[in-house]
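Undergrad: Sharing coords02.tsv, TSV, C-alpha atoms:
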chain	number	residue	atom	x	y	z
A	1	MET	CA	0.00	0.00	0.00
A	2	ILE	CA	1.14	3.54	-0.78
A	3	GLU	CA	0.02	6.50	1.24
A	4	ILE	CA	-0.88	9.56	-0.83
A	5	GLU	CA	-1.00	12.79	1.10
A	6	ILE	CA	-1.30	16.45	0.24
A	7	LYS	CA	-0.97	19.31	2.67
A	8	ALA	CA	-1.53	23.06	2.81
A	9	GLN	CA	-1.78	25.86	5.33
A	10	ALA	CA	-5.45	26.41	6.17
A	11	ASP	CA	-7.72	28.82	8.00
A	12	HIS	CA	-9.45	26.33	10.27
A	13	ARG	CA	-12.65	28.38	10.67
A	14	ALA	CA	-13.26	28.51	6.92
A	15	LEU	CA	-12.18	24.88	6.52
A	16	LEU	CA	-14.51	23.52	9.21
A	17	SER	CA	-17.41	25.41	7.66
A	18	ALA	CA	-16.59	23.98	4.20
A	19	LEU	CA	-16.28	20.44	5.66
A	20	ARG	CA	-19.71	20.81	7.24
A	21	ASP	CA	-21.24	22.05	3.97
A	22	ALA	CA	-19.64	19.17	2.04
A	23	GLY	CA	-21.15	16.61	4.45
A	24	ALA	CA	-17.87	15.39	5.98
A	25	THR	CA	-18.18	13.18	9.07
A	26	PHE	CA	-16.11	13.87	12.16
A	27	GLU	CA	-14.23	10.82	13.48
A	28	LYS	CA	-12.06	11.89	16.41
A	29	THR	CA	-9.66	14.33	18.00
A	30	MET	CA	-6.24	13.17	19.09
A	31	ASP	CA	-3.00	14.48	20.48
A	32	GLN	CA	0.03	13.11	18.67
A	33	HIS	CA	3.47	13.33	20.19
A	34	ASP	CA	6.04	12.31	17.59
A	35	THR	CA	9.77	11.81	18.01
A	36	TYR	CA	11.92	11.55	14.90
A	37	TYR	CA	15.26	9.76	14.57
A	38	ASN	CA	18.05	9.99	12.04
A	39	ALA	CA	20.10	6.99	10.91
A	40	PRO	CA	23.83	6.55	11.54
A	41	HIS	CA	24.54	5.35	7.99
A	42	ARG	CA	22.53	7.78	5.87
A	43	ASP	CA	21.07	11.23	6.45
A	44	PHE	CA	17.29	11.02	6.28
A	45	GLY	CA	17.29	14.76	5.55
A	46	GLU	CA	19.00	13.89	2.24
A	47	THR	CA	17.38	10.54	1.46
A	48	ASP	CA	13.95	11.90	2.33
A	49	GLU	CA	13.13	9.02	4.67
A	50	ALA	CA	11.76	9.21	8.20
A	51	LEU	CA	11.76	7.02	11.28
A	52	ARG	CA	9.30	8.00	13.97
A	53	LEU	CA	7.93	6.92	17.32
A	54	ARG	CA	4.41	8.22	17.83
A	55	GLU	CA	2.53	8.33	21.10
A	56	GLN	CA	-1.20	8.64	20.60
A	57	SER	CA	-3.98	7.88	23.08
A	58	GLY	CA	-1.55	5.95	25.28
A	59	ARG	CA	-0.33	3.69	22.49
A	60	ILE	CA	3.05	3.69	20.77
A	61	TYR	CA	3.67	3.23	17.06
A	62	MET	CA	6.93	2.96	15.18
A	63	THR	CA	6.72	4.20	11.61
A	64	TYR	CA	9.11	4.12	8.68
A	65	LYS	CA	8.47	6.39	5.71
A	66	GLY	CA	10.39	5.85	2.49
A	67	LYS	CA	11.50	8.57	0.12
A	68	LYS	CA	8.81	10.44	-1.77
A	69	LEU	CA	7.84	8.89	-5.10
A	70	ASP	CA	6.06	11.82	-6.71
A	71	ALA	CA	6.81	15.52	-7.22
A	72	LYS	CA	3.45	17.02	-6.22
A	73	SER	CA	2.19	14.85	-3.39
A	74	LYS	CA	3.82	13.16	-0.43
A	75	THR	CA	3.39	9.65	-1.87
A	76	ARG	CA	5.77	7.21	-0.23
A	77	LYS	CA	6.15	3.79	1.29
A	78	GLU	CA	4.90	3.71	4.86
A	79	VAL	CA	5.14	0.88	7.38
A	80	GLU	CA	3.76	1.18	10.88
A	81	VAL	CA	3.91	-1.28	13.76
A	82	GLU	CA	2.64	-0.93	17.29
A	83	VAL	CA	5.26	-1.40	20.01
A	84	MET	CA	4.52	-1.93	23.68
A	85	ASP	CA	7.10	0.38	25.27
A	86	ARG	CA	8.33	3.73	23.99
A	87	ALA	CA	11.39	4.04	26.27
A	88	LYS	CA	12.69	0.57	25.42
A	89	MET	CA	12.16	1.05	21.68
A	90	GLU	CA	14.04	4.36	21.87
A	91	ASP	CA	16.80	2.67	23.88
A	92	ILE	CA	17.21	0.10	21.08
A	93	LEU	CA	17.31	2.82	18.39
A	94	LEU	CA	19.90	4.89	20.29
A	95	SER	CA	21.98	1.75	21.02
A	96	LEU	CA	21.99	1.01	17.28
A	97	GLY	CA	23.40	4.51	16.65
A	98	PHE	CA	20.23	6.35	15.63
A	99	LYS	CA	19.98	9.96	16.88
A	100	LYS	CA	16.93	11.79	18.11
A	101	THR	CA	16.36	14.77	15.82
A	102	LEU	CA	13.18	16.56	16.82
A	103	GLU	CA	9.80	16.24	18.46
A	104	VAL	CA	6.57	17.30	16.80
A	105	LYS	CA	3.45	17.80	18.89
A	106	LYS	CA	0.09	18.39	17.29
A	107	LYS	CA	-3.63	18.25	17.87
A	108	ARG	CA	-5.34	16.48	14.99
A	109	ASP	CA	-9.06	16.41	14.22
A	110	ILE	CA	-9.94	13.70	11.72
A	111	TYR	CA	-12.85	13.98	9.29
A	112	HIS	CA	-13.94	11.67	6.48
A	113	LEU	CA	-15.22	12.83	3.11
A	114	SER	CA	-15.87	10.49	0.12
A	115	GLY	CA	-13.19	7.98	1.13
A	116	ILE	CA	-10.65	10.68	1.95
A	117	GLU	CA	-9.21	11.23	5.39
A	118	VAL	CA	-9.07	14.93	6.23
A	119	CYS	CA	-6.70	15.87	9.06
A	120	VAL	CA	-7.22	19.30	10.56
A	121	ASP	CA	-3.89	19.89	12.29
A	122	ARG	CA	-2.70	22.45	14.84
A	123	VAL	CA	1.07	22.02	15.13
A	124	GLU	CA	3.03	23.43	18.08
A	125	GLY	CA	5.43	26.05	16.80
A	126	LEU	CA	4.09	25.99	13.21
A	127	GLY	CA	0.40	26.83	13.04
A	128	ASP	CA	-2.73	25.49	11.33
A	129	TYR	CA	-2.74	23.07	8.40
A	130	VAL	CA	-4.88	20.51	6.64
A	131	GLU	CA	-3.76	17.15	5.27
A	132	LEU	CA	-5.79	15.01	2.87
A	133	GLU	CA	-4.88	11.36	2.71
A	134	ALA	CA	-5.84	8.38	0.57
A	135	MET	CA	-4.30	4.95	0.05
A	136	ALA	CA	-3.36	3.42	-3.33
A	137	GLU	CA	-2.66	-0.23	-4.05
A	138	ASP	CA	0.35	0.65	-6.21
A	139	MET	CA	1.92	3.45	-8.27
A	140	THR	CA	-0.44	3.00	-11.24
A	141	GLU	CA	-3.36	4.08	-9.07
A	142	MET	CA	-1.45	7.01	-7.68
A	143	PRO	CA	-1.91	9.92	-10.20
A	144	GLU	CA	-5.69	9.56	-10.29
A	145	LYS	CA	-5.96	9.47	-6.47
A	146	ARG	CA	-3.60	12.40	-6.10
A	147	ASP	CA	-5.63	14.52	-8.53
A	148	MET	CA	-8.80	13.61	-6.65
A	149	LEU	CA	-7.17	14.83	-3.41
A	150	ILE	CA	-6.13	18.13	-5.01
A	151	ASP	CA	-9.63	18.57	-6.44
A	152	THR	CA	-11.19	17.95	-3.02
A	153	MET	CA	-8.84	20.39	-1.33
A	154	ARG	CA	-9.90	23.14	-3.75
A	155	LYS	CA	-13.59	22.30	-3.14
A	156	LEU	CA	-12.90	22.81	0.56
A	157	CYS	CA	-11.75	26.37	-0.30
A	158	VAL	CA	-8.21	25.77	0.93
A	159	LYS	CA	-6.23	28.46	-0.84
A	160	GLY	CA	-2.70	27.73	0.42
A	161	GLU	CA	-0.11	26.21	-1.91
A	162	LEU	CA	0.62	22.49	-1.63
A	163	ILE	CA	3.43	21.78	0.81
A	164	ARG	CA	5.57	18.72	0.20
A	165	GLU	CA	7.60	19.15	3.37
A	166	SER	CA	6.70	17.21	6.48
A	167	TYR	CA	6.03	19.04	9.75
A	168	LEU	CA	9.43	17.72	10.80
A	169	GLU	CA	11.14	19.34	7.81
A	170	MET	CA	9.18	22.57	8.32
A	171	LEU	CA	10.23	22.73	11.98
A	172	LEU	CA	13.85	21.96	11.08
A	173	ALA	CA	13.79	24.70	8.39
A	174	LYS	CA	12.28	27.17	10.87
A	175	MET	CA	14.99	26.38	13.43
A	176	SER	CA	17.79	26.94	10.92
A	177	HIS	CA	16.58	30.47	10.08
B	1	MET	CA	20.02	-4.12	34.40
B	2	ILE	CA	22.73	-6.39	33.01
B	3	GLU	CA	22.07	-9.95	31.95
B	4	ILE	CA	24.73	-12.43	33.05
B	5	GLU	CA	24.70	-15.70	31.20
B	6	ILE	CA	26.94	-18.73	31.01
B	7	LYS	CA	26.53	-21.62	28.64
B	8	ALA	CA	27.93	-25.10	28.03
B	9	GLN	CA	27.18	-28.22	26.06
B	10	ALA	CA	25.23	-30.62	28.28
B	11	ASP	CA	23.96	-34.18	28.36
B	12	HIS	CA	20.29	-33.43	29.01
B	13	ARG	CA	19.56	-36.76	30.74
B	14	ALA	CA	22.27	-36.22	33.36
B	15	LEU	CA	21.37	-32.53	33.67
B	16	LEU	CA	17.65	-33.14	34.26
B	17	SER	CA	18.50	-35.71	36.91
B	18	ALA	CA	20.86	-33.24	38.65
B	19	LEU	CA	18.21	-30.48	38.46
B	20	ARG	CA	15.70	-32.78	40.11
B	21	ASP	CA	18.15	-33.72	42.88
B	22	ALA	CA	18.99	-30.05	43.48
B	23	GLY	CA	15.29	-29.19	43.90
B	24	ALA	CA	14.94	-27.02	40.79
B	25	THR	CA	11.39	-26.07	39.80
B	26	PHE	CA	10.18	-26.45	36.23
B	27	GLU	CA	8.54	-23.34	34.79
B	28	LYS	CA	7.69	-23.97	31.13
B	29	THR	CA	8.63	-25.32	27.73
B	30	MET	CA	8.70	-23.03	24.75
B	31	ASP	CA	9.61	-23.00	21.09
B	32	GLN	CA	11.65	-19.97	20.13
B	33	HIS	CA	12.03	-18.92	16.53
B	34	ASP	CA	14.66	-16.21	16.28
B	35	THR	CA	15.69	-14.15	13.28
B	36	TYR	CA	18.89	-12.13	13.47
B	37	TYR	CA	19.74	-8.99	11.54
B	38	ASN	CA	23.00	-7.23	10.77
B	39	ALA	CA	23.34	-3.45	10.59
B	40	PRO	CA	24.24	-1.50	7.44
B	41	HIS	CA	26.74	0.74	9.25
B	42	ARG	CA	28.66	-1.71	11.42
B	43	ASP	CA	29.20	-5.46	11.36
B	44	PHE	CA	27.62	-7.00	14.44
B	45	GLY	CA	29.94	-9.99	13.92
B	46	GLU	CA	32.81	-7.63	14.73
B	47	THR	CA	31.16	-5.32	17.28
B	48	ASP	CA	29.66	-8.31	19.08
B	49	GLU	CA	26.15	-6.83	19.10
B	50	ALA	CA	22.92	-8.52	18.08
B	51	LEU	CA	19.50	-7.45	16.84
B	52	ARG	CA	16.85	-10.11	16.93
B	53	LEU	CA	13.15	-10.68	16.32
B	54	ARG	CA	11.87	-13.56	18.44
B	55	GLU	CA	8.58	-15.37	17.96
B	56	GLN	CA	7.52	-17.23	21.08
B	57	SER	CA	4.06	-18.52	22.01
B	58	GLY	CA	2.49	-16.31	19.33
B	59	ARG	CA	4.12	-13.10	20.56
B	60	ILE	CA	6.90	-11.10	18.92
B	61	TYR	CA	9.82	-9.49	20.71
B	62	MET	CA	12.54	-7.25	19.34
B	63	THR	CA	15.80	-7.49	21.26
B	64	TYR	CA	19.05	-5.57	21.12
B	65	LYS	CA	22.14	-7.04	22.76
B	66	GLY	CA	25.20	-4.88	23.29
B	67	LYS	CA	28.78	-6.06	23.11
B	68	LYS	CA	29.98	-8.43	25.83
B	69	LEU	CA	31.42	-6.71	28.89
B	70	ASP	CA	33.30	-9.60	30.49
B	71	ALA	CA	35.76	-12.26	29.27
B	72	LYS	CA	34.24	-15.34	30.92
B	73	SER	CA	30.50	-14.81	30.82
B	74	LYS	CA	28.10	-13.39	28.27
B	75	THR	CA	27.39	-10.24	30.31
B	76	ARG	CA	25.98	-7.49	28.10
B	77	LYS	CA	23.37	-4.80	27.79
B	78	GLU	CA	20.02	-6.22	26.72
B	79	VAL	CA	16.85	-4.35	25.78
B	80	GLU	CA	13.68	-6.13	24.74
B	81	VAL	CA	10.38	-4.71	23.58
B	82	GLU	CA	7.26	-6.50	22.43
B	83	VAL	CA	6.04	-5.57	18.96
B	84	MET	CA	2.64	-6.39	17.54
B	85	ASP	CA	3.57	-7.55	14.03
B	86	ARG	CA	6.64	-9.49	12.96
B	87	ALA	CA	6.34	-8.91	9.19
B	88	LYS	CA	5.92	-5.14	9.56
B	89	MET	CA	8.82	-4.84	12.01
B	90	GLU	CA	11.02	-6.81	9.61
B	91	ASP	CA	9.86	-4.61	6.74
B	92	ILE	CA	11.01	-1.53	8.69
B	93	LEU	CA	14.40	-3.11	9.47
B	94	LEU	CA	15.00	-4.14	5.84
B	95	SER	CA	13.85	-0.70	4.61
B	96	LEU	CA	16.42	0.89	6.95
B	97	GLY	CA	19.13	-1.26	5.34
B	98	PHE	CA	19.42	-4.04	7.91
B	99	LYS	CA	20.03	-7.53	6.48
B	100	LYS	CA	18.66	-10.83	7.67
B	101	THR	CA	21.59	-13.04	8.68
B	102	LEU	CA	20.29	-16.28	10.14
B	103	GLU	CA	17.43	-18.01	11.88
B	104	VAL	CA	17.84	-19.99	15.09
B	105	LYS	CA	15.13	-22.40	16.17
B	106	LYS	CA	15.23	-24.04	19.55
B	107	LYS	CA	13.13	-25.81	22.14
B	108	ARG	CA	13.81	-24.37	25.59
B	109	ASP	CA	12.79	-25.87	28.94
B	110	ILE	CA	13.09	-23.33	31.75
B	111	TYR	CA	13.85	-24.30	35.34
B	112	HIS	CA	14.49	-22.14	38.40
B	113	LEU	CA	17.09	-22.87	41.06
B	114	SER	CA	18.05	-20.45	43.87
B	115	GLY	CA	17.23	-17.33	41.87
B	116	ILE	CA	18.94	-18.62	38.74
B	117	GLU	CA	17.13	-19.31	35.48
B	118	VAL	CA	18.28	-22.58	33.95
B	119	CYS	CA	17.53	-22.98	30.24
B	120	VAL	CA	17.75	-26.52	28.90
B	121	ASP	CA	18.10	-25.91	25.18
B	122	ARG	CA	17.84	-28.16	22.13
B	123	VAL	CA	19.01	-26.13	19.15
B	124	GLU	CA	18.22	-27.16	15.57
B	125	GLY	CA	21.45	-27.95	13.79
B	126	LEU	CA	23.64	-27.58	16.92
B	127	GLY	CA	22.60	-29.98	19.67
B	128	ASP	CA	21.96	-29.87	23.41
B	129	TYR	CA	23.09	-27.08	25.74
B	130	VAL	CA	22.35	-25.47	29.06
B	131	GLU	CA	22.32	-21.74	29.83
B	132	LEU	CA	22.33	-20.28	33.35
B	133	GLU	CA	21.13	-16.71	33.65
B	134	ALA	CA	20.98	-14.09	36.39
B	135	MET	CA	20.46	-10.33	36.39
B	136	ALA	CA	22.76	-7.74	38.00
B	137	GLU	CA	21.92	-4.13	38.82
B	138	ASP	CA	25.28	-2.94	37.49
B	139	MET	CA	28.84	-4.05	36.72
B	140	THR	CA	29.97	-4.03	40.39
B	141	GLU	CA	27.53	-6.84	41.14
B	142	MET	CA	28.62	-8.79	38.11
B	143	PRO	CA	31.73	-10.83	39.17
B	144	GLU	CA	30.01	-12.28	42.24
B	145	LYS	CA	26.91	-13.28	40.29
B	146	ARG	CA	28.98	-14.75	37.50
B	147	ASP	CA	31.00	-16.89	39.93
B	148	MET	CA	27.76	-18.07	41.52
B	149	LEU	CA	26.52	-19.15	38.09
B	150	ILE	CA	29.75	-21.06	37.38
B	151	ASP	CA	29.56	-22.71	40.79
B	152	THR	CA	25.95	-23.78	40.19
B	153	MET	CA	26.79	-25.18	36.77
B	154	ARG	CA	29.49	-27.40	38.29
B	155	LYS	CA	27.08	-28.57	40.99
B	156	LEU	CA	24.71	-29.61	38.21
B	157	CYS	CA	27.53	-31.86	36.91
B	158	VAL	CA	27.81	-30.02	33.61
B	159	LYS	CA	31.28	-30.94	32.41
B	160	GLY	CA	31.46	-29.00	29.13
B	161	GLU	CA	33.65	-25.91	28.85
B	162	LEU	CA	32.02	-22.49	29.08
B	163	ILE	CA	30.99	-21.20	25.66
B	164	ARG	CA	30.93	-17.44	25.13
B	165	GLU	CA	29.55	-17.66	21.61
B	166	SER	CA	25.84	-17.24	21.01
B	167	TYR	CA	23.90	-19.93	19.16
B	168	LEU	CA	23.90	-17.50	16.26
B	169	GLU	CA	27.71	-17.31	16.25
B	170	MET	CA	28.00	-21.09	16.66
B	171	LEU	CA	25.68	-21.67	13.69
B	172	LEU	CA	27.58	-19.11	11.60
B	173	ALA	CA	30.90	-20.78	12.53
B	174	LYS	CA	29.50	-24.20	11.63
B	175	MET	CA	28.31	-22.92	8.25
B	176	SER	CA	31.72	-21.44	7.39
B	177	HIS	CA	33.51	-24.77	7.92
Have the structure of the file written as structure tokens, please.

TA:
Amino acid sequence: MIEIEIKAQADHRALLSALRDAGATFEKTMDQHDTYYNAPHRDFGETDEALRLREQSGRIYMTYKGKKLDAKSKTRKEVEVEVMDRAKMEDILLSLGFKKTLEVKKKRDIYHLSGIEVCVDRVEGLGDYVELEAMAEDMTEMPEKRDMLIDTMRKLCVKGELIRESYLEMLLAKMSH
Amino acid sequence: MIEIEIKAQADHRALLSALRDAGATFEKTMDQHDTYYNAPHRDFGETDEALRLREQSGRIYMTYKGKKLDAKSKTRKEVEVEVMDRAKMEDILLSLGFKKTLEVKKKRDIYHLSGIEVCVDRVEGLGDYVELEAMAEDMTEMPEKRDMLIDTMRKLCVKGELIRESYLEMLLAKMSH
């Protein structure tokens, strides 16, 4: 499975109103506390990969994201596995030579609209964004799904340009200025 | 916590009889299916580390073992965390550049004797062994605990020499001959 994801800055008041008008269904609100790690043998900032431990509703997930496969969207390989102990998993990563890079904390409200997951995100230190996500079986399905996501974003009156950078990259860029 | 472990080849019939005479209590039998991985940035065969996924009684554990800290025993840092999906965890490791090295399958009977865990192991492709394990708070506690393990092994009439190599290393050595 390939995750297709597009993102833009968004005025949440206007967005929530457009979601309501479009008939989107609210699923849940969650706090996500993410810690990112860099590898000892290649720089994920250059290879465009990510390794993350996420804490969400008391559960811990380890996620690997491969390099992006498409110029417009954030399409990439993604593998996620639940682990039972955050501190021990981090201990293993650090023992293997991985380094903690940055933490990202956000509040995420999830809506569903015509098979699309709409994430209304408030990110500590960055501001308000929206992410639209869909899954594709393989790369042949990808362009069509991506265009559908872009189309939906415009229907939701989101005017911001598409952002390919992850919140991690945006926070890192902000810190280096 | 530091795991202290000593190991030797053992005639299981004589060993089980000695365990009975010494008043050891039987805990359980388990089948362990271990897969070992090597890192892309350092050779665990040289650094004496190990990264393992273990399947045991339907549950999956990821374990990191640091390099050995003592010449006689197998004392080393050990961190273990349960993960909910073996295939996904392996997918993450392979995506990060780790390579599968070898699988070790064994039947392990666990006994307890005076605070020591006694593992009566039958290893596919290697034969019959016994491992004695104890935990130490830190390195200062280690020599005393190690000597106690050696003493107990002799009392159990195990005549084989102490083996510092892991089953993984022993299987690798056997394959290279």

Undergrad: Give me, as a list of chain:residue names, the contact residues of chain A against chain B at a cut-off of 7 Å, counting all atoms listed in the file.

TA: A:Pro40, A:His41, A:Tyr64, A:Val79, A:Glu80, A:Val81, A:Glu82, A:Val83, A:Met84, A:Asp85, A:Lys88, A:Met89, A:Ile92

Undergrad: Write out the coordinates of chain A as a compact mmCIF listing (two decimals) with C-alpha atoms, in the coordinates of the input after a least-squares overlay onto chain B built on all ordered Cα pairs.

TA:
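See superposed.txt below for the written result:
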# COMPACT_ATOMS: atom_id res chain seq x y z
CA MET A 1 19.99 -4.12 34.28
CA ILE A 2 22.73 -6.39 32.95
CA GLU A 3 22.07 -9.93 31.91
CA ILE A 4 24.72 -12.42 33.03
CA GLU A 5 24.68 -15.70 31.19
CA ILE A 6 26.93 -18.72 30.99
CA LYS A 7 26.52 -21.61 28.61
CA ALA A 8 27.93 -25.09 28.02
CA GLN A 9 27.17 -28.22 26.04
CA ALA A 10 25.22 -30.61 28.27
CA ASP A 11 23.96 -34.17 28.36
CA HIS A 12 20.30 -33.45 29.02
CA ARG A 13 19.58 -36.78 30.75
CA ALA A 14 22.29 -36.22 33.36
CA LEU A 15 21.37 -32.54 33.67
CA LEU A 16 17.65 -33.15 34.26
CA SER A 17 18.50 -35.71 36.93
CA ALA A 18 20.87 -33.24 38.66
CA LEU A 19 18.21 -30.46 38.47
CA ARG A 20 15.70 -32.78 40.12
CA ASP A 21 18.16 -33.71 42.89
CA ALA A 22 18.99 -30.03 43.49
CA GLY A 23 15.29 -29.18 43.91
CA ALA A 24 14.93 -27.01 40.79
CA THR A 25 11.37 -26.07 39.80
CA PHE A 26 10.18 -26.47 36.24
CA GLU A 27 8.53 -23.35 34.79
CA LYS A 28 7.69 -23.99 31.14
CA THR A 29 8.62 -25.34 27.74
CA MET A 30 8.69 -23.05 24.75
CA ASP A 31 9.60 -23.00 21.10
CA GLN A 32 11.65 -19.97 20.14
CA HIS A 33 12.04 -18.94 16.54
CA ASP A 34 14.68 -16.21 16.31
CA THR A 35 15.71 -14.16 13.30
CA TYR A 36 18.91 -12.14 13.50
CA TYR A 37 19.75 -8.99 11.55
CA ASN A 38 23.01 -7.24 10.79
CA ALA A 39 23.36 -3.45 10.61
CA PRO A 40 24.25 -1.50 7.47
CA HIS A 41 26.74 0.75 9.27
CA ARG A 42 28.67 -1.71 11.44
CA ASP A 43 29.21 -5.46 11.37
CA PHE A 44 27.63 -7.00 14.45
CA GLY A 45 29.94 -9.98 13.93
CA GLU A 46 32.83 -7.61 14.74
CA THR A 47 31.18 -5.32 17.29
CA ASP A 48 29.68 -8.29 19.11
CA GLU A 49 26.17 -6.83 19.12
CA ALA A 50 22.94 -8.53 18.09
CA LEU A 51 19.53 -7.46 16.86
CA ARG A 52 16.86 -10.12 16.96
CA LEU A 53 13.17 -10.70 16.36
CA ARG A 54 11.89 -13.57 18.47
CA GLU A 55 8.60 -15.37 18.01
CA GLN A 56 7.55 -17.24 21.11
CA SER A 57 4.09 -18.53 22.03
CA GLY A 58 2.51 -16.32 19.36
CA ARG A 59 4.14 -13.12 20.59
CA ILE A 60 6.91 -11.11 18.97
CA TYR A 61 9.84 -9.49 20.75
CA MET A 62 12.56 -7.26 19.38
CA THR A 63 15.81 -7.50 21.29
CA TYR A 64 19.06 -5.57 21.15
CA LYS A 65 22.15 -7.04 22.79
CA GLY A 66 25.21 -4.87 23.30
CA LYS A 67 28.79 -6.05 23.13
CA LYS A 68 29.99 -8.41 25.83
CA LEU A 69 31.43 -6.70 28.90
CA ASP A 70 33.29 -9.60 30.48
CA ALA A 71 35.73 -12.26 29.25
CA LYS A 72 34.22 -15.35 30.90
CA SER A 73 30.48 -14.82 30.79
CA LYS A 74 28.09 -13.38 28.24
CA THR A 75 27.39 -10.24 30.29
CA ARG A 76 25.99 -7.48 28.12
CA LYS A 77 23.38 -4.79 27.81
CA GLU A 78 20.04 -6.22 26.73
CA VAL A 79 16.87 -4.35 25.80
CA GLU A 80 13.71 -6.14 24.77
CA VAL A 81 10.39 -4.71 23.61
CA GLU A 82 7.28 -6.50 22.47
CA VAL A 83 6.07 -5.57 18.98
CA MET A 84 2.66 -6.40 17.56
CA ASP A 85 3.60 -7.57 14.06
CA ARG A 86 6.68 -9.50 13.00
CA ALA A 87 6.37 -8.92 9.23
CA LYS A 88 5.96 -5.16 9.59
CA MET A 89 8.85 -4.86 12.04
CA GLU A 90 11.05 -6.84 9.64
CA ASP A 91 9.88 -4.63 6.76
CA ILE A 92 11.03 -1.55 8.71
CA LEU A 93 14.42 -3.12 9.50
CA LEU A 94 15.02 -4.16 5.87
CA SER A 95 13.87 -0.71 4.63
CA LEU A 96 16.43 0.87 6.97
CA GLY A 97 19.16 -1.28 5.36
CA PHE A 98 19.45 -4.05 7.94
CA LYS A 99 20.07 -7.55 6.50
CA LYS A 100 18.67 -10.83 7.69
CA THR A 101 21.59 -13.04 8.71
CA LEU A 102 20.30 -16.29 10.14
CA GLU A 103 17.44 -18.01 11.90
CA VAL A 104 17.84 -19.99 15.10
CA LYS A 105 15.13 -22.40 16.18
CA LYS A 106 15.21 -24.06 19.56
CA LYS A 107 13.11 -25.82 22.15
CA ARG A 108 13.79 -24.39 25.59
CA ASP A 109 12.77 -25.86 28.94
CA ILE A 110 13.07 -23.34 31.75
CA TYR A 111 13.84 -24.32 35.34
CA HIS A 112 14.48 -22.15 38.40
CA LEU A 113 17.09 -22.87 41.04
CA SER A 114 18.03 -20.43 43.87
CA GLY A 115 17.22 -17.31 41.84
CA ILE A 116 18.93 -18.63 38.71
CA GLU A 117 17.13 -19.30 35.47
CA VAL A 118 18.27 -22.58 33.94
CA CYS A 119 17.52 -22.99 30.23
CA VAL A 120 17.74 -26.52 28.90
CA ASP A 121 18.09 -25.91 25.16
CA ARG A 122 17.82 -28.18 22.12
CA VAL A 123 19.00 -26.13 19.13
CA GLU A 124 18.21 -27.16 15.55
CA GLY A 125 21.44 -27.94 13.77
CA LEU A 126 23.63 -27.60 16.90
CA GLY A 127 22.58 -29.99 19.65
CA ASP A 128 21.95 -29.87 23.40
CA TYR A 129 23.08 -27.08 25.72
CA VAL A 130 22.34 -25.46 29.04
CA GLU A 131 22.31 -21.74 29.82
CA LEU A 132 22.31 -20.27 33.32
CA GLU A 133 21.11 -16.71 33.63
CA ALA A 134 20.97 -14.08 36.36
CA MET A 135 20.43 -10.33 36.34
CA ALA A 136 22.73 -7.73 37.95
CA GLU A 137 21.88 -4.13 38.74
CA ASP A 138 25.25 -2.92 37.44
CA MET A 139 28.82 -4.04 36.70
CA THR A 140 29.91 -4.00 40.37
CA GLU A 141 27.49 -6.83 41.10
CA MET A 142 28.59 -8.78 38.08
CA PRO A 143 31.71 -10.82 39.16
CA GLU A 144 30.00 -12.25 42.23
CA LYS A 145 26.88 -13.27 40.25
CA ARG A 146 28.97 -14.75 37.47
CA ASP A 147 30.98 -16.87 39.91
CA MET A 148 27.75 -18.06 41.51
CA LEU A 149 26.50 -19.16 38.07
CA ILE A 150 29.73 -21.06 37.35
CA ASP A 151 29.55 -22.70 40.78
CA THR A 152 25.94 -23.77 40.17
CA MET A 153 26.77 -25.18 36.75
CA ARG A 154 29.48 -27.38 38.28
CA LYS A 155 27.05 -28.55 41.00
CA LEU A 156 24.71 -29.60 38.20
CA CYS A 157 27.53 -31.86 36.90
CA VAL A 158 27.80 -30.02 33.60
CA LYS A 159 31.27 -30.92 32.41
CA GLY A 160 31.46 -28.98 29.13
CA GLU A 161 33.66 -25.89 28.85
CA LEU A 162 32.02 -22.47 29.06
CA ILE A 163 30.99 -21.18 25.65
CA ARG A 164 30.95 -17.44 25.11
CA GLU A 165 29.55 -17.66 21.60
CA SER A 166 25.86 -17.23 20.99
CA TYR A 167 23.89 -19.92 19.15
CA LEU A 168 23.91 -17.49 16.24
CA GLU A 169 27.71 -17.30 16.24
CA MET A 170 27.99 -21.08 16.65
CA LEU A 171 25.67 -21.66 13.67
CA LEU A 172 27.55 -19.09 11.58
CA ALA A 173 30.89 -20.76 12.49
CA LYS A 174 29.48 -24.19 11.60
CA MET A 175 28.28 -22.91 8.22
CA SER A 176 31.68 -21.44 7.36
CA HIS A 177 33.47 -24.78 7.89

Undergrad: Env of range 119-129 of chain B: 12 Å cut, atoms = all atoms listed in the file, seq-sep filter 3 positions within chain, self excluded. Answer as number ranges by chain.

TA: B: 5-16, 19, 24-34, 103-113, 116, 132-134, 153, 158-163, 166-175

Undergrad: Quick one: of B:Asp147, B:Asp138, B:Lys68, B:Tyr37, who's nearest to Arg54 in chain B, counting all atoms listed in the file?

TA: B:Tyr37

Undergrad: Which residues are close to Lys145 in chain A, i.e. within 9 Å by only C-alpha atoms, leaving aside same-chain residues fewer than 5 positions away? Reply as an mmCIF file with C-alpha atoms, in the frame of the given file.

TA:
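To be explicit, this is the file written out as selection20.cif:
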data_model
loop_
_atom_site.group_PDB
_atom_site.id
_atom_site.type_symbol
_atom_site.label_atom_id
_atom_site.label_comp_id
_atom_site.auth_asym_id
_atom_site.auth_seq_id
_atom_site.Cartn_x
_atom_site.Cartn_y
_atom_site.Cartn_z
ATOM 1 C CA ILE A 4 -0.880 9.560 -0.830
ATOM 2 C CA ALA A 134 -5.840 8.380 0.570
ATOM 3 C CA MET A 135 -4.300 4.950 0.050
ATOM 4 C CA ALA A 136 -3.360 3.420 -3.330
ATOM 5 C CA ILE A 150 -6.130 18.130 -5.010
#

Undergrad: Smallest atom-to-atom distance to Gln56 in chain B: which of B:Arg164, B:His177, B:Thr35, B:Met148, using only C-alpha atoms?

TA: B:Thr35
